[in-house]
Amino acid sequence: MNAKNTAKLLPIISDEEKLEVSLEGDKAIIKLSSWTEDLGWCGQKTLRVDLDMLDDLHRAIAAARARVNRQKDPEIPVSNKVLAFPAFS
């Protein structure tokens, strides 16, 4: 892969999991790894997302985050707007 077409973004790391996001050509690559004693970071899942789906993925994640925040604090206002996520055929 050409280095011009690849961009690694900062990973999100906890004690036991790591989520890495990078761009490779026309795909966003999301990799989930878990920490295992004696082995280190072990890849668990890799998701390749078309770049034209990134906005939809961002909205879906933001909606999930808003729902979690509402569960933590019921005083947060609720939006009735439903965001459509593309269906696969």
# chains A, B, ... in the order shown; residues from 1 in each chain; ligands from 1
call {"tool": "select_by_dssp", "arguments": {"residues": "chain A", "states": "helix (DSSP H, G or I)", "output": "ChimeraX atom specification"}}
result
/A:3-5,51-72
call {"tool": "closest_residue", "arguments": {"among": "A:Ala84, A:Ala64, A:Leu10, A:Lys18", "to": "A:Gly40", "atoms": "only C-alpha atoms"}}
result
A:Lys18
call {"tool": "select_by_dssp", "arguments": {"residues": "chain A", "states": "strand (DSSP E)", "output": "VMD selection string"}}
result
chain A and resid 6 to 8 12 to 13 17 to 24 27 to 36 40 to 50
call {"tool": "write_last_selection", "arguments": {"atoms": "N, CA and C atoms", "output": "compact mmCIF listing (two decimals), in the first residue's frame"}}
result
# COMPACT_ATOMS: atom_id res chain seq x y z
N THR A 6 -2.19 5.92 3.04
CA THR A 6 -2.37 5.33 4.36
C THR A 6 -2.16 6.40 5.43
N ALA A 7 -3.07 6.44 6.39
CA ALA A 7 -2.93 7.37 7.52
C ALA A 7 -3.38 6.65 8.77
N LYS A 8 -2.48 6.55 9.76
CA LYS A 8 -2.84 5.95 11.04
C LYS A 8 -3.27 7.05 11.99
N ILE A 12 -7.17 4.21 20.64
CA ILE A 12 -7.88 4.37 21.90
C ILE A 12 -7.51 3.15 22.73
N ILE A 13 -6.88 3.35 23.87
CA ILE A 13 -6.34 2.22 24.63
C ILE A 13 -6.86 2.24 26.07
N GLU A 17 -8.11 -3.42 26.26
CA GLU A 17 -8.52 -3.35 24.86
C GLU A 17 -7.89 -2.15 24.17
N LYS A 18 -7.75 -2.29 22.87
CA LYS A 18 -7.20 -1.20 22.05
C LYS A 18 -8.02 -1.14 20.77
N LEU A 19 -8.42 0.06 20.38
CA LEU A 19 -9.17 0.29 19.16
C LEU A 19 -8.35 1.22 18.29
N GLU A 20 -7.94 0.74 17.12
CA GLU A 20 -7.13 1.55 16.21
C GLU A 20 -7.95 1.89 14.97
N VAL A 21 -7.81 3.13 14.52
CA VAL A 21 -8.49 3.57 13.30
C VAL A 21 -7.44 4.09 12.35
N SER A 22 -7.51 3.63 11.11
CA SER A 22 -6.59 4.13 10.10
C SER A 22 -7.33 4.25 8.77
N LEU A 23 -6.76 5.00 7.88
CA LEU A 23 -7.31 5.14 6.53
C LEU A 23 -6.36 4.47 5.57
N GLU A 24 -6.91 3.61 4.73
CA GLU A 24 -6.12 2.93 3.71
C GLU A 24 -6.87 3.03 2.39
N LYS A 27 -10.84 3.13 2.17
CA LYS A 27 -11.46 2.44 3.31
C LYS A 27 -10.95 3.01 4.63
N ALA A 28 -11.83 3.03 5.63
CA ALA A 28 -11.42 3.29 7.00
C ALA A 28 -11.30 1.91 7.65
N ILE A 29 -10.19 1.66 8.31
CA ILE A 29 -9.94 0.37 8.93
C ILE A 29 -10.04 0.54 10.44
N ILE A 30 -10.91 -0.24 11.08
CA ILE A 30 -11.09 -0.20 12.54
C ILE A 30 -10.67 -1.57 13.06
N LYS A 31 -9.66 -1.58 13.94
CA LYS A 31 -9.12 -2.83 14.48
C LYS A 31 -9.29 -2.86 15.98
N LEU A 32 -9.86 -3.96 16.48
CA LEU A 32 -10.02 -4.18 17.91
C LEU A 32 -9.02 -5.23 18.35
N SER A 33 -8.23 -4.92 19.36
CA SER A 33 -7.26 -5.86 19.92
C SER A 33 -7.49 -5.97 21.42
N SER A 34 -7.12 -7.11 21.99
CA SER A 34 -7.21 -7.28 23.43
C SER A 34 -5.83 -7.66 23.98
N TRP A 35 -5.59 -7.28 25.23
CA TRP A 35 -4.32 -7.55 25.89
C TRP A 35 -4.37 -8.92 26.54
N THR A 36 -3.36 -9.73 26.25
CA THR A 36 -3.24 -11.06 26.84
C THR A 36 -1.86 -11.18 27.46
N GLY A 40 0.79 -10.23 24.69
CA GLY A 40 0.68 -8.82 24.32
C GLY A 40 -0.65 -8.55 23.63
N TRP A 41 -0.64 -7.62 22.69
CA TRP A 41 -1.87 -7.25 21.98
C TRP A 41 -2.20 -8.29 20.93
N CYS A 42 -3.42 -8.81 20.97
CA CYS A 42 -3.89 -9.82 20.01
C CYS A 42 -5.08 -9.26 19.25
N GLY A 43 -4.99 -9.26 17.93
CA GLY A 43 -6.09 -8.78 17.10
C GLY A 43 -7.33 -9.64 17.26
N GLN A 44 -8.47 -9.01 17.45
CA GLN A 44 -9.73 -9.72 17.61
C GLN A 44 -10.63 -9.56 16.39
N LYS A 45 -10.82 -8.32 15.97
CA LYS A 45 -11.72 -8.03 14.85
C LYS A 45 -11.16 -6.89 14.03
N THR A 46 -11.42 -6.94 12.74
CA THR A 46 -11.06 -5.84 11.84
C THR A 46 -12.28 -5.53 10.99
N LEU A 47 -12.61 -4.25 10.91
CA LEU A 47 -13.77 -3.79 10.14
C LEU A 47 -13.28 -2.80 9.10
N ARG A 48 -13.63 -3.04 7.85
CA ARG A 48 -13.30 -2.13 6.76
C ARG A 48 -14.56 -1.41 6.33
N VAL A 49 -14.54 -0.07 6.41
CA VAL A 49 -15.71 0.74 6.13
C VAL A 49 -15.41 1.64 4.94
N ASP A 50 -16.32 1.65 3.95
CA ASP A 50 -16.17 2.56 2.82
C ASP A 50 -16.20 4.00 3.33
call {"tool": "closest_residue", "arguments": {"among": "A:Leu39, A:Pro86, A:Gly25, A:Ser14", "to": "A:Asp56", "atoms": "only C-alpha atoms"}}
result
A:Pro86
